[in-house]
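Visitor: Can you read through this structure? Questions will come right after.
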Amino acid sequence: MTVITIAQNTPVLVAIDIAKARHEVLISVPGKKRRRRLTVLNELADFTRLITALKDYGRPVRAAFEATGNYHRALAYHLATAGFEVKLVSSVALARTREALHNSWDKNDPKDAQVILHMIEIGNEQFYHDPLVRGTNDIQELSKTHDIVSKSKTELWHRILTHYPLPGSACLHA
């Protein structure tokens, strides 16, 4: 019979489904069949509790999540500053993988955490660059502001065109 030996440098895999108020976490430890499930509130005390639990394994940690609005940024920052490898999972790839694995587009947080864990296991993940750590936060915020201003400008222009027809055009409101 073959004996399976797990090297000490094999990482603990952590899949996180991000939400506004709380995050669903699924932890897979090499050599153990059962996975640990946690719910982490979007607050510092729970981030610290999660980081402590992950450090207790005494192994490297690779955490992955799907970026959701800006709700992922605080947790990702704390995981990265704790020395863990932080990865990103594509939203499109997550949806396609969920459909393929579960033969359904129906989603829920625990199911998404399982799919994210599967994607980490097969290596379908991307680099995550924290804007605060990389120094790109200001550029990102300016880009978001420019996008909002551009959309507002277009919306206003469309409202003006709808309510005030150009001279010589047929008036729809008469």
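As shown in the structure tokens, the chain order sets the letters A, B, ...; within each chain, residues go from 1, and ligands are also counted from 1 in the order they appear.
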So which residues touch stretch 115-119 of chain A within 9 Å, counting only C-alpha atoms, skipping near sequence neighbours fewer than 4 positions away, as a list in words?
Guide: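 Near stretch 115-119 of chain A, the qualifying residues are Leu13, Val14, Ala15, Ile16, Asp17, Leu26, Ile27, Ser28, Ala64, Phe65, Glu66, Val89, Ala93, Leu94, Thr97, Arg98, Leu101, Pro110, Lys111, Gly123, Asn124 and Glu125 of chain A.
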Visitor: Let's have the selection written as a PDB file, in the first residue's frame, with C-alpha atoms.
Guide:
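What landed in result_5.pdb:
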```
ATOM      1  CA  LEU A  13      -6.061  26.626   1.261  1.00  0.00           C
ATOM      2  CA  VAL A  14      -8.630  29.229   2.277  1.00  0.00           C
ATOM      3  CA  ALA A  15     -11.640  30.077   0.096  1.00  0.00           C
ATOM      4  CA  ILE A  16     -13.576  33.207   1.011  1.00  0.00           C
ATOM      5  CA  ASP A  17     -16.948  34.250  -0.343  1.00  0.00           C
ATOM      6  CA  LEU A  26     -13.837  27.422   3.899  1.00  0.00           C
ATOM      7  CA  ILE A  27     -10.451  26.075   5.075  1.00  0.00           C
ATOM      8  CA  SER A  28      -8.778  22.987   3.625  1.00  0.00           C
ATOM      9  CA  ALA A  64      -8.502  33.332  -2.524  1.00  0.00           C
ATOM     10  CA  PHE A  65     -11.701  35.280  -3.015  1.00  0.00           C
ATOM     11  CA  GLU A  66     -13.880  36.878  -5.655  1.00  0.00           C
ATOM     12  CA  VAL A  89     -10.711  34.472  -8.521  1.00  0.00           C
ATOM     13  CA  ALA A  93     -14.647  31.894 -14.152  1.00  0.00           C
ATOM     14  CA  LEU A  94     -16.371  31.388 -10.800  1.00  0.00           C
ATOM     15  CA  THR A  97     -17.218  26.699 -12.776  1.00  0.00           C
ATOM     16  CA  ARG A  98     -20.244  26.829 -10.458  1.00  0.00           C
ATOM     17  CA  LEU A 101     -19.844  21.613 -11.032  1.00  0.00           C
ATOM     18  CA  PRO A 110     -21.338  28.284   1.131  1.00  0.00           C
ATOM     19  CA  LYS A 111     -21.590  26.866  -2.395  1.00  0.00           C
ATOM     20  CA  GLY A 123      -4.705  26.583  -9.871  1.00  0.00           C
ATOM     21  CA  ASN A 124      -7.375  28.740 -11.523  1.00  0.00           C
ATOM     22  CA  GLU A 125      -6.559  31.946  -9.672  1.00  0.00           C
TER      23      GLU A 125
END
```
Visitor: Determine which residues of chain A DSSP labels as strand (DSSP E) from the backbone of this structure, then write them out as a ChimeraX atom specification.
Guide: /A:12-17,22-28,36-41,61-65,85-88,126-127
Visitor: Can you list, as a tab-separated table (two decimals) with C-alpha atoms, in the first residue's frame, every protein, DNA or RNA residue that comes within 7 Å of stretch 46-53 of chain A when you count only C-alpha atoms, leaving out same-chain residues fewer than 6 positions away?
Guide:
```tsv
chain	number	residue	atom	x	y	z
A	40	VAL	CA	-16.25	36.11	9.53
A	75	LEU	CA	-9.95	41.55	4.70
A	79	LEU	CA	-4.49	38.76	5.26
```
Visitor: Based on DSSP run over this structure's backbone, return all residues of stretch 9-166 of chain A in alpha helix (DSSP H), as a PyMOL selection string.
Guide: chain A and resi 44-55+73-81+91-102+109-121+131-134+137-163
Visitor: Using Å and a single decimal, report how far atom CA of A:Arg59 sits from atom CA of A:His23.
Guide: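 Going from atom CA of A:His23 over to atom CA of A:Arg59 covers 22.4 Å.
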